[in-house]
>>> print(open('query18.txt').read())   # compact mmCIF, C-alpha atoms
# COMPACT_ATOMS: atom_id res chain seq x y z
CA MET A 1 16.54 23.77 15.91
CA LYS A 2 17.09 23.04 19.56
CA SER A 3 13.83 22.65 21.47
CA ASN A 4 13.18 25.23 24.18
CA THR A 5 10.32 23.21 25.68
CA ILE A 6 11.06 21.55 29.00
CA ALA A 7 10.47 17.80 28.97
CA ILE A 8 8.44 16.49 31.88
CA ASP A 9 8.19 13.05 33.47
CA VAL A 10 5.10 11.00 32.62
CA SER A 11 4.25 10.45 36.28
CA SER A 12 3.82 14.21 36.81
CA LEU A 13 0.88 14.45 34.36
CA ASP A 14 -2.57 14.67 35.95
CA LYS A 15 -5.62 12.88 34.54
CA ARG A 16 -6.81 15.92 32.55
CA ASP A 17 -3.44 16.45 30.85
CA THR A 18 -3.18 12.75 30.06
CA THR A 19 -6.71 12.71 28.54
CA ILE A 20 -5.99 15.78 26.38
CA SER A 21 -2.72 14.23 25.21
CA ILE A 22 -4.40 10.94 24.31
CA PHE A 23 -7.11 12.85 22.39
CA LEU A 24 -4.55 14.82 20.37
CA ILE A 25 -2.49 11.71 19.58
CA GLY A 26 -5.73 9.94 18.61
CA LEU A 27 -6.47 12.75 16.13
CA MET A 28 -3.05 12.22 14.61
CA PHE A 29 -3.63 8.47 14.31
CA PHE A 30 -6.88 9.25 12.48
CA ILE A 31 -4.95 11.37 9.99
CA PHE A 32 -2.26 8.67 9.62
CA GLY A 33 -4.97 6.16 8.79
CA PHE A 34 -6.82 8.38 6.35
CA ILE A 35 -3.67 9.06 4.33
CA SER A 36 -2.14 5.57 4.60
CA TRP A 37 -5.13 3.39 3.79
CA VAL A 38 -6.16 5.37 0.71
CA ASN A 39 -3.35 3.37 -0.94
CA SER A 40 -5.78 0.42 -1.12
CA ILE A 41 -7.68 2.24 -3.86
CA LEU A 42 -4.73 4.23 -5.27
CA ILE A 43 -3.12 0.93 -6.32
CA PRO A 44 -5.91 -0.23 -8.69
CA TYR A 45 -6.58 3.40 -9.70
CA PHE A 46 -2.97 4.01 -10.78
CA LYS A 47 -2.86 0.56 -12.37
CA ILE A 48 -5.63 1.65 -14.75
CA ALA A 49 -4.66 5.30 -15.23
CA CYS A 50 -0.92 4.69 -15.69
CA GLU A 51 -1.32 1.28 -17.41
CA LEU A 52 0.76 -0.77 -14.97
CA THR A 53 1.43 -4.42 -14.18
CA SER A 54 0.56 -5.77 -10.71
CA PHE A 55 4.20 -5.49 -9.66
CA GLN A 56 4.44 -1.88 -10.86
CA ALA A 57 1.15 -0.97 -9.16
CA TYR A 58 2.39 -2.23 -5.79
CA LEU A 59 5.28 0.23 -6.04
CA VAL A 60 2.70 2.61 -4.54
CA ALA A 61 3.08 0.79 -1.23
CA PHE A 62 6.84 0.42 -1.73
CA ALA A 63 7.46 4.14 -2.31
CA PHE A 64 5.19 5.08 0.57
CA TYR A 65 6.58 2.73 3.20
CA ILE A 66 10.26 2.46 2.26
CA ALA A 67 10.47 6.01 3.63
CA TYR A 68 9.99 4.51 7.11
CA PHE A 69 13.16 2.45 6.70
CA ILE A 70 15.18 5.42 5.49
CA MET A 71 13.81 8.09 7.83
CA SER A 72 13.06 6.38 11.15
CA VAL A 73 16.51 6.61 12.78
CA PRO A 74 17.09 10.20 11.54
CA ALA A 75 13.62 10.98 12.92
CA SER A 76 14.67 9.81 16.39
CA TYR A 77 17.60 12.25 16.33
CA LEU A 78 15.34 15.02 15.02
CA LEU A 79 12.97 14.44 17.94
CA LYS A 80 15.86 14.38 20.40
CA VAL A 81 17.13 17.75 19.17
CA ALA A 82 13.85 19.51 18.35
CA GLY A 83 11.46 17.84 20.79
CA PHE A 84 8.22 16.01 20.10
CA LYS A 85 6.04 18.94 19.03
CA LYS A 86 8.47 20.70 16.70
CA GLY A 87 9.36 17.32 15.20
CA MET A 88 5.68 16.58 14.62
CA MET A 89 5.28 19.92 12.86
CA VAL A 90 8.14 19.02 10.51
CA GLY A 91 6.44 15.67 9.85
CA PHE A 92 3.13 17.29 8.92
CA TRP A 93 4.87 19.77 6.64
CA ALA A 94 6.72 16.95 4.85
CA MET A 95 3.37 15.23 4.27
CA ALA A 96 1.94 18.49 2.91
CA LEU A 97 4.82 18.74 0.44
CA GLY A 98 4.18 15.18 -0.71
CA ALA A 99 0.49 15.96 -1.30
CA PHE A 100 1.40 19.01 -3.40
CA ILE A 101 3.77 16.87 -5.54
CA PHE A 102 0.67 15.02 -6.77
CA ILE A 103 -0.29 18.13 -8.76
CA PRO A 104 2.61 18.08 -11.30
CA ALA A 105 2.44 14.29 -11.31
CA ALA A 106 -1.22 14.36 -12.39
CA LEU A 107 -0.67 17.13 -14.94
CA THR A 108 1.99 15.03 -16.69
CA ARG A 109 0.55 11.55 -15.83
CA THR A 110 4.02 10.55 -14.68
CA TYR A 111 3.98 7.58 -12.34
CA GLY A 112 7.51 8.26 -11.10
CA ILE A 113 6.49 11.71 -9.81
CA PHE A 114 3.50 10.17 -8.03
CA LEU A 115 5.89 7.75 -6.35
CA MET A 116 8.09 10.70 -5.30
CA GLY A 117 5.04 12.36 -3.72
CA LEU A 118 4.13 9.16 -1.90
CA PHE A 119 7.72 8.78 -0.69
CA THR A 120 7.67 12.35 0.68
CA ILE A 121 4.37 11.71 2.47
CA GLY A 122 5.97 8.57 3.90
CA ILE A 123 8.91 10.60 5.24
CA GLY A 124 6.50 12.84 7.13
CA LEU A 125 4.58 9.88 8.49
CA ALA A 126 7.82 8.20 9.60
CA ILE A 127 8.63 11.25 11.74
CA LEU A 128 5.12 11.36 13.19
CA GLN A 129 4.98 7.62 13.87
CA THR A 130 8.40 7.70 15.54
CA ALA A 131 7.06 10.38 17.87
CA SER A 132 3.52 9.19 18.50
CA ASN A 133 3.92 5.44 19.08
CA PRO A 134 6.39 5.61 22.00
CA TYR A 135 4.45 8.63 23.25
CA ILE A 136 1.19 6.70 23.61
CA THR A 137 3.04 3.60 24.87
CA ILE A 138 4.57 5.39 27.87
CA LEU A 139 1.62 7.75 28.49
CA GLY A 140 0.15 5.71 31.34
CA PRO A 141 0.51 2.33 33.08
CA LYS A 142 2.59 -0.23 31.15
CA GLU A 143 0.03 -3.02 31.63
CA ARG A 144 -2.60 -0.88 29.85
CA ALA A 145 -0.37 0.10 26.91
CA ALA A 146 -2.10 -2.33 24.52
CA GLN A 147 -5.45 -0.86 25.56
CA ARG A 148 -4.30 2.69 24.72
CA ILE A 149 -2.73 1.54 21.45
CA SER A 150 -6.02 -0.21 20.61
CA ILE A 151 -7.83 3.10 21.03
CA MET A 152 -5.31 4.68 18.67
CA GLY A 153 -5.88 1.76 16.31
CA ILE A 154 -9.60 2.48 16.23
CA CYS A 155 -8.86 6.08 15.24
CA ASN A 156 -6.46 4.83 12.57
CA LYS A 157 -8.70 2.14 11.11
CA ALA A 158 -11.90 4.21 11.30
CA ALA A 159 -10.13 6.69 9.05
CA GLY A 160 -9.04 3.76 6.90
CA ILE A 161 -12.68 2.74 6.44
CA LEU A 162 -13.58 6.24 5.33
CA SER A 163 -10.59 7.07 3.12
CA PRO A 164 -11.16 4.68 0.16
CA ILE A 165 -14.88 5.45 0.21
CA VAL A 166 -14.28 9.22 0.32
CA PHE A 167 -11.54 8.97 -2.33
CA ALA A 168 -13.81 6.90 -4.59
CA ALA A 169 -16.68 9.36 -4.09
CA VAL A 170 -14.46 12.31 -5.04
CA ILE A 171 -12.49 10.67 -7.86
CA LEU A 172 -14.68 7.98 -9.43
CA ARG A 173 -17.92 8.46 -11.36
CA PRO A 174 -20.80 6.06 -12.08
CA THR A 175 -19.85 6.06 -15.79
CA ASP A 176 -16.28 4.90 -15.07
CA THR A 177 -17.28 1.23 -15.28
CA ASP A 178 -18.14 1.77 -18.97
CA LEU A 179 -14.97 3.83 -19.44
CA PHE A 180 -12.75 1.06 -18.06
CA ALA A 181 -14.46 -1.49 -20.32
CA GLN A 182 -13.94 0.69 -23.41
CA LEU A 183 -10.26 1.50 -22.87
CA GLY A 184 -9.08 -1.58 -24.75
CA SER A 185 -11.04 -0.65 -27.89
CA MET A 186 -9.92 3.02 -28.01
CA THR A 187 -7.23 4.39 -30.26
CA ASP A 188 -3.97 5.43 -28.61
CA VAL A 189 -4.95 9.11 -28.77
CA GLN A 190 -8.42 8.51 -27.32
CA ARG A 191 -7.09 6.29 -24.54
CA SER A 192 -4.37 8.79 -23.63
CA ALA A 193 -6.91 11.63 -23.43
CA ALA A 194 -9.29 9.53 -21.31
CA LEU A 195 -6.53 8.48 -18.92
CA ASP A 196 -5.22 12.06 -18.64
CA GLU A 197 -8.70 13.20 -17.60
CA LEU A 198 -8.97 10.30 -15.15
CA ILE A 199 -5.66 10.94 -13.38
CA ARG A 200 -6.15 14.71 -13.11
CA ARG A 201 -9.11 14.16 -10.82
CA VAL A 202 -6.63 13.72 -7.94
CA ILE A 203 -5.48 17.36 -8.16
CA PRO A 204 -8.28 19.09 -6.15
CA PRO A 205 -8.38 16.63 -3.20
CA TYR A 206 -4.60 16.50 -2.82
CA ALA A 207 -4.29 20.30 -3.06
CA VAL A 208 -6.82 20.60 -0.24
CA LEU A 209 -5.07 17.85 1.73
CA GLY A 210 -1.67 19.54 1.42
CA THR A 211 -3.06 22.85 2.68
CA PHE A 212 -4.81 21.12 5.60
CA LEU A 213 -1.66 19.25 6.64
CA PHE A 214 0.46 22.40 6.54
CA ILE A 215 -1.97 24.25 8.82
CA LEU A 216 -2.36 21.25 11.11
CA GLY A 217 1.41 21.00 11.60
CA TYR A 218 1.52 24.53 12.97
CA LEU A 219 -1.53 23.92 15.20
CA VAL A 220 0.07 20.80 16.72
CA TYR A 221 3.21 22.80 17.48
CA ARG A 222 1.08 25.41 19.27
CA SER A 223 -1.07 22.77 21.04
CA PRO A 224 -0.93 21.94 24.80
CA LEU A 225 0.65 18.55 24.03
CA PRO A 226 3.42 18.16 26.64
CA GLU A 227 7.02 17.16 25.96
CA LEU A 228 7.70 13.84 27.70
CA ASN A 229 11.01 12.81 29.23
CA THR A 230 11.90 9.45 27.68
CA GLU A 231 15.45 9.55 29.02
CA HIS A 232 14.38 8.84 32.62
CA GLU A 233 15.12 5.34 33.93
CA THR A 234 13.87 3.67 37.08
CA PRO A 235 16.64 2.32 39.35
CA GLU A 236 15.85 -1.24 38.21
CA VAL A 237 16.07 -0.34 34.52
CA ALA A 238 19.20 1.77 35.05
CA THR A 239 20.91 -1.18 36.77
CA ALA A 240 19.87 -3.64 34.05
CA ASN A 241 21.05 -1.27 31.29
CA ALA A 242 24.27 -0.12 32.99
CA SER A 243 26.46 -2.22 30.70
CA LYS A 244 24.41 -1.59 27.55
CA THR A 245 26.12 0.54 24.91
CA SER A 246 24.15 -0.41 21.79
CA ILE A 247 20.52 -0.79 20.82
CA PHE A 248 21.46 -4.18 19.33
CA GLN A 249 22.04 -5.53 22.86
CA PHE A 250 18.26 -5.81 23.29
CA PRO A 251 17.21 -9.03 21.49
CA HIS A 252 13.54 -8.59 22.32
CA LEU A 253 13.61 -5.20 20.55
CA ILE A 254 15.39 -6.41 17.40
CA LEU A 255 13.16 -9.47 17.16
CA GLY A 256 10.22 -7.15 17.76
CA ALA A 257 11.29 -4.98 14.82
CA VAL A 258 11.27 -8.09 12.61
CA ALA A 259 7.82 -8.90 13.99
CA ILE A 260 6.63 -5.38 13.12
CA PHE A 261 8.08 -5.79 9.59
CA LEU A 262 6.12 -9.01 9.03
CA HIS A 263 2.97 -7.84 10.81
CA VAL A 264 2.53 -4.64 8.84
CA GLY A 265 3.32 -6.56 5.66
CA THR A 266 0.51 -9.02 6.36
CA GLN A 267 -1.82 -6.15 7.25
CA VAL A 268 -1.18 -4.12 4.12
CA ILE A 269 -1.47 -7.21 1.91
CA ALA A 270 -4.86 -8.00 3.46
CA ILE A 271 -6.12 -4.49 2.77
CA ASP A 272 -4.32 -3.34 -0.39
CA THR A 273 -4.76 -6.56 -2.40
CA ILE A 274 -8.40 -7.30 -1.66
CA ILE A 275 -9.78 -5.05 -4.42
CA SER A 276 -7.63 -6.80 -7.02
CA TYR A 277 -8.63 -10.18 -5.57
CA ALA A 278 -12.30 -9.17 -5.85
CA ASP A 279 -11.66 -8.07 -9.46
CA SER A 280 -10.36 -11.59 -10.21
CA MET A 281 -13.84 -12.82 -9.21
CA GLY A 282 -15.55 -10.49 -11.69
CA ILE A 283 -16.36 -7.67 -9.23
CA ASP A 284 -15.73 -4.22 -10.74
CA LEU A 285 -13.87 -1.42 -8.96
CA LEU A 286 -16.99 0.55 -8.03
CA GLU A 287 -18.35 -2.46 -6.11
CA ALA A 288 -15.01 -3.74 -4.82
CA LYS A 289 -14.03 -0.37 -3.28
CA VAL A 290 -15.83 -1.30 -0.02
CA PHE A 291 -13.86 -4.48 0.68
CA PRO A 292 -10.89 -2.70 2.36
CA SER A 293 -13.45 -1.09 4.65
CA TYR A 294 -14.81 -4.51 5.61
CA THR A 295 -11.30 -5.64 6.55
CA LEU A 296 -10.71 -2.50 8.58
CA PHE A 297 -14.10 -2.89 10.28
CA CYS A 298 -13.01 -6.35 11.46
CA THR A 299 -9.81 -4.75 12.78
CA ILE A 300 -11.85 -2.21 14.75
CA CYS A 301 -13.94 -5.04 16.20
CA GLY A 302 -10.70 -6.63 17.40
CA TYR A 303 -9.60 -3.35 18.95
CA LEU A 304 -12.90 -3.03 20.81
CA ILE A 305 -12.51 -6.57 22.15
CA GLY A 306 -9.00 -5.62 23.29
CA ILE A 307 -10.15 -2.44 25.03
CA VAL A 308 -12.82 -4.35 26.97
CA THR A 309 -10.77 -7.45 27.83
CA ILE A 310 -7.15 -6.20 28.30
CA PRO A 311 -5.86 -6.48 31.01
CA ARG A 312 -9.02 -7.32 32.99
CA PHE A 313 -9.77 -10.69 31.39
CA ILE A 314 -6.73 -11.42 29.25
CA SER A 315 -3.12 -10.27 29.25
CA GLN A 316 -1.53 -8.33 26.38
CA VAL A 317 0.73 -11.22 25.50
CA ASN A 318 -2.07 -13.81 25.39
CA ALA A 319 -4.12 -11.55 23.13
CA LEU A 320 -1.08 -11.35 20.84
CA ARG A 321 -0.74 -15.14 20.81
CA ILE A 322 -4.40 -15.67 19.91
CA CYS A 323 -4.29 -13.14 17.06
CA THR A 324 -1.14 -14.56 15.50
CA VAL A 325 -2.53 -18.11 15.52
CA LEU A 326 -5.78 -16.86 13.95
CA GLY A 327 -3.75 -15.18 11.21
CA ALA A 328 -2.08 -18.47 10.29
CA ILE A 329 -5.43 -20.29 10.25
CA PHE A 330 -7.19 -17.66 8.11
CA THR A 331 -4.30 -17.68 5.63
CA LEU A 332 -4.70 -21.42 5.06
CA LEU A 333 -8.46 -20.92 4.61
CA ILE A 334 -7.85 -18.20 1.98
CA ILE A 335 -5.75 -20.65 -0.01
CA PHE A 336 -7.82 -23.81 0.39
CA ALA A 337 -11.45 -22.74 1.01
CA GLN A 338 -13.53 -22.58 -2.17
CA GLY A 339 -17.16 -22.11 -3.16
CA SER A 340 -19.56 -19.39 -4.26
CA PHE A 341 -20.87 -17.34 -1.36
CA THR A 342 -23.26 -14.39 -1.17
CA PHE A 343 -22.87 -11.99 1.74
CA LEU A 344 -23.70 -8.28 2.17
CA GLY A 345 -24.97 -8.24 -1.40
CA HIS A 346 -21.70 -9.53 -2.90
CA GLN A 347 -21.53 -12.85 -4.73
CA THR A 348 -17.94 -14.01 -4.37
CA ASP A 349 -15.73 -16.96 -3.64
CA VAL A 350 -15.82 -17.66 0.11
CA SER A 351 -12.03 -17.20 0.35
CA ILE A 352 -12.27 -13.41 0.06
CA TRP A 353 -14.10 -13.27 3.40
CA PHE A 354 -11.12 -14.90 5.09
CA VAL A 355 -9.01 -12.04 3.67
CA VAL A 356 -11.53 -9.75 5.37
CA LEU A 357 -11.16 -11.70 8.63
CA LEU A 358 -7.41 -11.12 8.58
CA GLY A 359 -8.41 -7.69 9.83
CA LEU A 360 -9.57 -9.33 13.06
CA ALA A 361 -6.42 -11.45 13.32
CA ASN A 362 -4.17 -8.42 12.79
CA SER A 363 -6.04 -6.16 15.21
CA LEU A 364 -4.08 -6.64 18.43
CA VAL A 365 -0.69 -7.63 16.98
CA TRP A 366 0.72 -4.10 16.71
CA ALA A 367 -0.62 -3.22 20.16
CA GLY A 368 0.89 -6.40 21.58
CA ILE A 369 4.34 -6.02 20.06
CA TRP A 370 5.08 -2.40 21.04
CA PRO A 371 4.99 -2.65 24.86
CA LEU A 372 6.84 -5.99 24.76
CA ALA A 373 9.58 -4.66 22.46
CA LEU A 374 10.06 -1.35 24.34
CA ASP A 375 10.03 -2.96 27.78
CA GLY A 376 13.08 -1.97 29.83
CA LEU A 377 14.77 0.19 27.17
CA GLY A 378 15.00 3.28 29.39
CA ARG A 379 17.28 5.88 27.76
CA PHE A 380 17.25 3.80 24.57
CA THR A 381 13.47 4.25 24.16
CA LYS A 382 13.50 6.87 21.34
CA LEU A 383 16.08 4.98 19.33
CA GLY A 384 14.30 1.70 20.04
CA ALA A 385 11.04 3.21 18.79
CA SER A 386 12.78 4.33 15.59
CA ILE A 387 14.03 0.76 15.05
CA LEU A 388 10.47 -0.51 15.39
CA ILE A 389 9.21 2.17 13.00
CA MET A 390 11.85 1.00 10.50
CA GLY A 391 9.95 -2.27 10.55
CA LEU A 392 7.13 -0.47 8.77
CA CYS A 393 9.10 -0.90 5.56
CA GLY A 394 7.46 -4.33 5.59
CA ASN A 395 4.56 -2.43 4.03
CA ALA A 396 6.92 -1.64 1.15
CA ILE A 397 8.51 -5.05 0.65
CA MET A 398 5.73 -7.55 1.31
CA PRO A 399 3.22 -6.23 -1.29
CA LEU A 400 5.96 -6.38 -3.94
CA ILE A 401 6.56 -10.04 -3.09
CA TYR A 402 2.82 -10.62 -3.29
CA GLY A 403 2.61 -8.76 -6.62
CA TYR A 404 5.51 -10.77 -8.05
CA LEU A 405 3.88 -14.07 -7.01
CA ALA A 406 0.50 -12.87 -8.33
CA ASP A 407 2.04 -12.17 -11.76
CA LEU A 408 3.97 -15.46 -11.68
CA TYR A 409 1.11 -17.68 -10.45
CA ASP A 410 -2.23 -16.12 -9.49
CA LEU A 411 -3.72 -13.86 -6.83
CA ARG A 412 -4.87 -16.68 -4.56
CA VAL A 413 -1.58 -18.60 -4.59
CA ALA A 414 0.27 -15.38 -3.81
CA TYR A 415 -1.36 -15.32 -0.35
CA TRP A 416 1.05 -18.11 0.65
CA VAL A 417 3.49 -15.29 1.44
CA LEU A 418 1.47 -14.61 4.61
CA PHE A 419 1.86 -18.02 6.22
CA PRO A 420 5.56 -17.91 7.25
CA CYS A 421 4.98 -14.36 8.49
CA TYR A 422 2.32 -15.51 10.93
CA LEU A 423 4.48 -18.44 12.06
CA TYR A 424 7.25 -15.99 13.04
CA LEU A 425 4.71 -13.79 14.83
CA VAL A 426 3.56 -16.83 16.83
CA PHE A 427 7.21 -17.42 17.79
CA TYR A 428 7.66 -13.82 18.96
CA ALA A 429 4.42 -13.93 20.96
CA VAL A 430 5.38 -17.20 22.66
CA LYS A 431 9.16 -16.93 23.11
CA GLY A 432 10.91 -14.11 21.23
CA HIS A 433 9.73 -11.24 23.42
CA GLN A 434 11.22 -12.92 26.51
CA LEU A 435 14.81 -13.02 25.21
CA ARG A 436 17.15 -10.58 26.97
CA LYS A 437 20.48 -12.01 25.73
CA TRP A 438 21.59 -13.29 22.34
CA GLY A 439 22.40 -16.98 22.40
CA PHE A 440 21.52 -20.37 21.04
>>> encode(input="query18.txt", output="structure tokens")
Amino acid sequence: MKSNTIAIDVSSLDKRDTTISIFLIGLMFFIFGFISWVNSILIPYFKIACELTSFQAYLVAFAFYIAYFIMSVPASYLLKVAGFKKGMMVGFWAMALGAFIFIPAALTRTYGIFLMGLFTIGIGLAILQTASNPYITILGPKERAAQRISIMGICNKAAGILSPIVFAAVILRPTDTDLFAQLGSMTDVQRSAALDELIRRVIPPYAVLGTFLFILGYLVYRSPLPELNTEHETPEVATANASKTSIFQFPHLILGAVAIFLHVGTQVIAIDTIISYADSMGIDLLEAKVFPSYTLFCTICGYLIGIVTIPRFISQVNALRICTVLGAIFTLLIIFAQGSFTFLGHQTDVSIWFVVLLGLANSLVWAGIWPLALDGLGRFTKLGASILIMGLCGNAIMPLIYGYLADLYDLRVAYWVLFPCYLYLVFYAVKGHQLRKWGF
């Protein structure tokens, strides 16, 4: 599957080609977000329909994101052999296959098959993320990388705002509140029939999604998106990397991958647990479905601030430092702030709004880490990007830790898992990204 497309140097792209490329990558980030953030409502939905514990329900995130750990390095070699566009087509087709797997899973109400479908979708996304993140990072001036990534983040999170609302509109019905309340009083046969009907509602949307992704993969392959040469090194970078033989000789990259692991874990916990946290306050699923969108809206606000202020008023690294400190502060407020509070028509404990504000704290962390971690990698860029994408398995591991603590203690206490994560992110923003040699 050797690519016949000639890779070009980034500096040779004119403004029109760069704009078209950014638009196409932005469309892909929108699709990533739409498919990824629907997990925030799939988790409580599967918990009801498949009768799961909190720990079992968070296997949705585990199955979806562990694929990044398994597939990221193979994806870098796929992209090296096949090129960006053909590799992206393979990624979209893998996602389409995963969507189609939902059909037999729903027909049999087998949670394990659903997890297989989610894992397959994750494989496709791992390929696409391995291609698109370094692509947008190097597609323009280095000092504006966080700005471009923020634009991609808006595309991603705008889709994330829409996806749980669209999914709920397609899958849930106004009478479901009564249905959920009656499940406990039904006979085994009645409950099984009701849950079978509930879970089979996913078949039409995922059949449509699979078809759309398959077609889109082919269209991306035929698109004017250029192949970029990531093997080129400036004389300075070539000199600095002359003695480098392994990706592990770049401490700022490896520490950055750990930072990505913890960052995405904090982000997915903030979004995927908030419905369950609202439920613990007596808010039913039909009302609570909007809370992930509030969190993502705060994230978009952070992106907009980043686009306006970086690098004109604030540097990428200082924006990263501010966001990581805010994350630590909001985590403590989630745990310790208490009191009834009415906002946007919801009567809740005030702590849930600090979960929402984690969206703001998380907004510029991803955009801040990527350019710092990929700085000076030269010919190691594709492999370095795959190492960073492996960090996305934090989305798989961290919710399971949260779910375990939630079952062991309660949902509020479980948010303690976020605090050490933000402390490490503060370290990387202040010191870790500057390390170029291992040492103590």
>>> residues_around(input="query18.txt", residues="Phe55 of chain A", least_positions_apart="2", cutoff="7 Å", atoms="all atoms listed in the file", output="ChimeraX atom specification")
/A:53,57-59,400,403-404
>>> closest_residue(input="query18.txt", among="A:Ser223, A:Gln267, A:Ser280, A:Ser293", to="Lys85 of chain A", atoms="only C-alpha atoms")
A:Ser223
>>> residues_near_point(input="query18.txt", point="(-3.4, 4.1, 17.9)", cutoff="12 Å", atoms="all atoms listed in the file", output="PDB file with C-alpha atoms, keeping the file's coordinate frame")
ATOM      1  CA  ILE A  22      -4.400  10.940  24.310  1.00  0.00           C
ATOM      2  CA  PHE A  23      -7.110  12.850  22.390  1.00  0.00           C
ATOM      3  CA  LEU A  24      -4.550  14.820  20.370  1.00  0.00           C
ATOM      4  CA  ILE A  25      -2.490  11.710  19.580  1.00  0.00           C
ATOM      5  CA  GLY A  26      -5.730   9.940  18.610  1.00  0.00           C
ATOM      6  CA  LEU A  27      -6.470  12.750  16.130  1.00  0.00           C
ATOM      7  CA  MET A  28      -3.050  12.220  14.610  1.00  0.00           C
ATOM      8  CA  PHE A  29      -3.630   8.470  14.310  1.00  0.00           C
ATOM      9  CA  PHE A  30      -6.880   9.250  12.480  1.00  0.00           C
ATOM     10  CA  ILE A  31      -4.950  11.370   9.990  1.00  0.00           C
ATOM     11  CA  PHE A  32      -2.260   8.670   9.620  1.00  0.00           C
ATOM     12  CA  GLY A  33      -4.970   6.160   8.790  1.00  0.00           C
ATOM     13  CA  GLN A 129       4.980   7.620  13.870  1.00  0.00           C
ATOM     14  CA  SER A 132       3.520   9.190  18.500  1.00  0.00           C
ATOM     15  CA  ASN A 133       3.920   5.440  19.080  1.00  0.00           C
ATOM     16  CA  PRO A 134       6.390   5.610  22.000  1.00  0.00           C
ATOM     17  CA  TYR A 135       4.450   8.630  23.250  1.00  0.00           C
ATOM     18  CA  ILE A 136       1.190   6.700  23.610  1.00  0.00           C
ATOM     19  CA  THR A 137       3.040   3.600  24.870  1.00  0.00           C
ATOM     20  CA  ALA A 145      -0.370   0.100  26.910  1.00  0.00           C
ATOM     21  CA  ALA A 146      -2.100  -2.330  24.520  1.00  0.00           C
ATOM     22  CA  GLN A 147      -5.450  -0.860  25.560  1.00  0.00           C
ATOM     23  CA  ARG A 148      -4.300   2.690  24.720  1.00  0.00           C
ATOM     24  CA  ILE A 149      -2.730   1.540  21.450  1.00  0.00           C
ATOM     25  CA  SER A 150      -6.020  -0.210  20.610  1.00  0.00           C
ATOM     26  CA  ILE A 151      -7.830   3.100  21.030  1.00  0.00           C
ATOM     27  CA  MET A 152      -5.310   4.680  18.670  1.00  0.00           C
ATOM     28  CA  GLY A 153      -5.880   1.760  16.310  1.00  0.00           C
ATOM     29  CA  ILE A 154      -9.600   2.480  16.230  1.00  0.00           C
ATOM     30  CA  CYS A 155      -8.860   6.080  15.240  1.00  0.00           C
ATOM     31  CA  ASN A 156      -6.460   4.830  12.570  1.00  0.00           C
ATOM     32  CA  LYS A 157      -8.700   2.140  11.110  1.00  0.00           C
ATOM     33  CA  ALA A 158     -11.900   4.210  11.300  1.00  0.00           C
ATOM     34  CA  ALA A 159     -10.130   6.690   9.050  1.00  0.00           C
ATOM     35  CA  ILE A 300     -11.850  -2.210  14.750  1.00  0.00           C
ATOM     36  CA  TYR A 303      -9.600  -3.350  18.950  1.00  0.00           C
ATOM     37  CA  ILE A 307     -10.150  -2.440  25.030  1.00  0.00           C
ATOM     38  CA  SER A 363      -6.040  -6.160  15.210  1.00  0.00           C
ATOM     39  CA  LEU A 364      -4.080  -6.640  18.430  1.00  0.00           C
ATOM     40  CA  TRP A 366       0.720  -4.100  16.710  1.00  0.00           C
ATOM     41  CA  ALA A 367      -0.620  -3.220  20.160  1.00  0.00           C
ATOM     42  CA  GLY A 368       0.890  -6.400  21.580  1.00  0.00           C
ATOM     43  CA  TRP A 370       5.080  -2.400  21.040  1.00  0.00           C
TER      44      TRP A 370
END
>>> closest_residue(input="query18.txt", among="A:Phe167, A:Tyr68, A:Phe102, A:Phe343", to="Leu128 of chain A", atoms="all atoms listed in the file")
A:Tyr68
>>> residues_around(input="query18.txt", residues="segment 174-178 of chain A", least_positions_apart="4", cutoff="9 Å", atoms="all atoms listed in the file", output="MDAnalysis selection string")
chainID A and resid 182:183 284:286
>>> write_last_selection(input="query18.txt", atoms="C-alpha atoms", output="mmCIF file, in the coordinates of the input")
data_model
loop_
_atom_site.group_PDB
_atom_site.id
_atom_site.type_symbol
_atom_site.label_atom_id
_atom_site.label_comp_id
_atom_site.auth_asym_id
_atom_site.auth_seq_id
_atom_site.Cartn_x
_atom_site.Cartn_y
_atom_site.Cartn_z
ATOM 1 C CA GLN A 182 -13.940 0.690 -23.410
ATOM 2 C CA LEU A 183 -10.260 1.500 -22.870
ATOM 3 C CA ASP A 284 -15.730 -4.220 -10.740
ATOM 4 C CA LEU A 285 -13.870 -1.420 -8.960
ATOM 5 C CA LEU A 286 -16.990 0.550 -8.030
#
>>> residues_near_point(input="query18.txt", point="(-12.9, -5.0, -4.1)", cutoff="7 Å", atoms="only C-alpha atoms", output="PyMOL selection string")
chain A and resi 274-279+283+285+287-291
>>> atom_distance(input="query18.txt", atom1="atom CA of Ile101 of chain A", atom2="atom CA of Thr273 of chain A")
25.1 Å
>>> decode(input="query18.txt", residues="segment 149-160 of chain A", atoms="C-alpha atoms", output="mmCIF file, in the first residue's frame")
data_model
loop_
_atom_site.group_PDB
_atom_site.id
_atom_site.type_symbol
_atom_site.label_atom_id
_atom_site.label_comp_id
_atom_site.auth_asym_id
_atom_site.auth_seq_id
_atom_site.Cartn_x
_atom_site.Cartn_y
_atom_site.Cartn_z
ATOM 1 C CA ILE A 149 -5.175 23.700 17.541
ATOM 2 C CA SER A 150 -7.688 25.888 19.413
ATOM 3 C CA ILE A 151 -9.627 26.330 16.173
ATOM 4 C CA MET A 152 -9.616 22.547 15.764
ATOM 5 C CA GLY A 153 -10.741 22.273 19.372
ATOM 6 C CA ILE A 154 -13.748 24.482 18.668
ATOM 7 C CA CYS A 155 -14.730 22.174 15.808
ATOM 8 C CA ASN A 156 -14.273 19.164 18.096
ATOM 9 C CA LYS A 157 -16.143 20.541 21.096
ATOM 10 C CA ALA A 158 -18.943 22.150 19.059
ATOM 11 C CA ALA A 159 -19.647 18.663 17.757
ATOM 12 C CA GLY A 160 -19.412 17.423 21.336
#
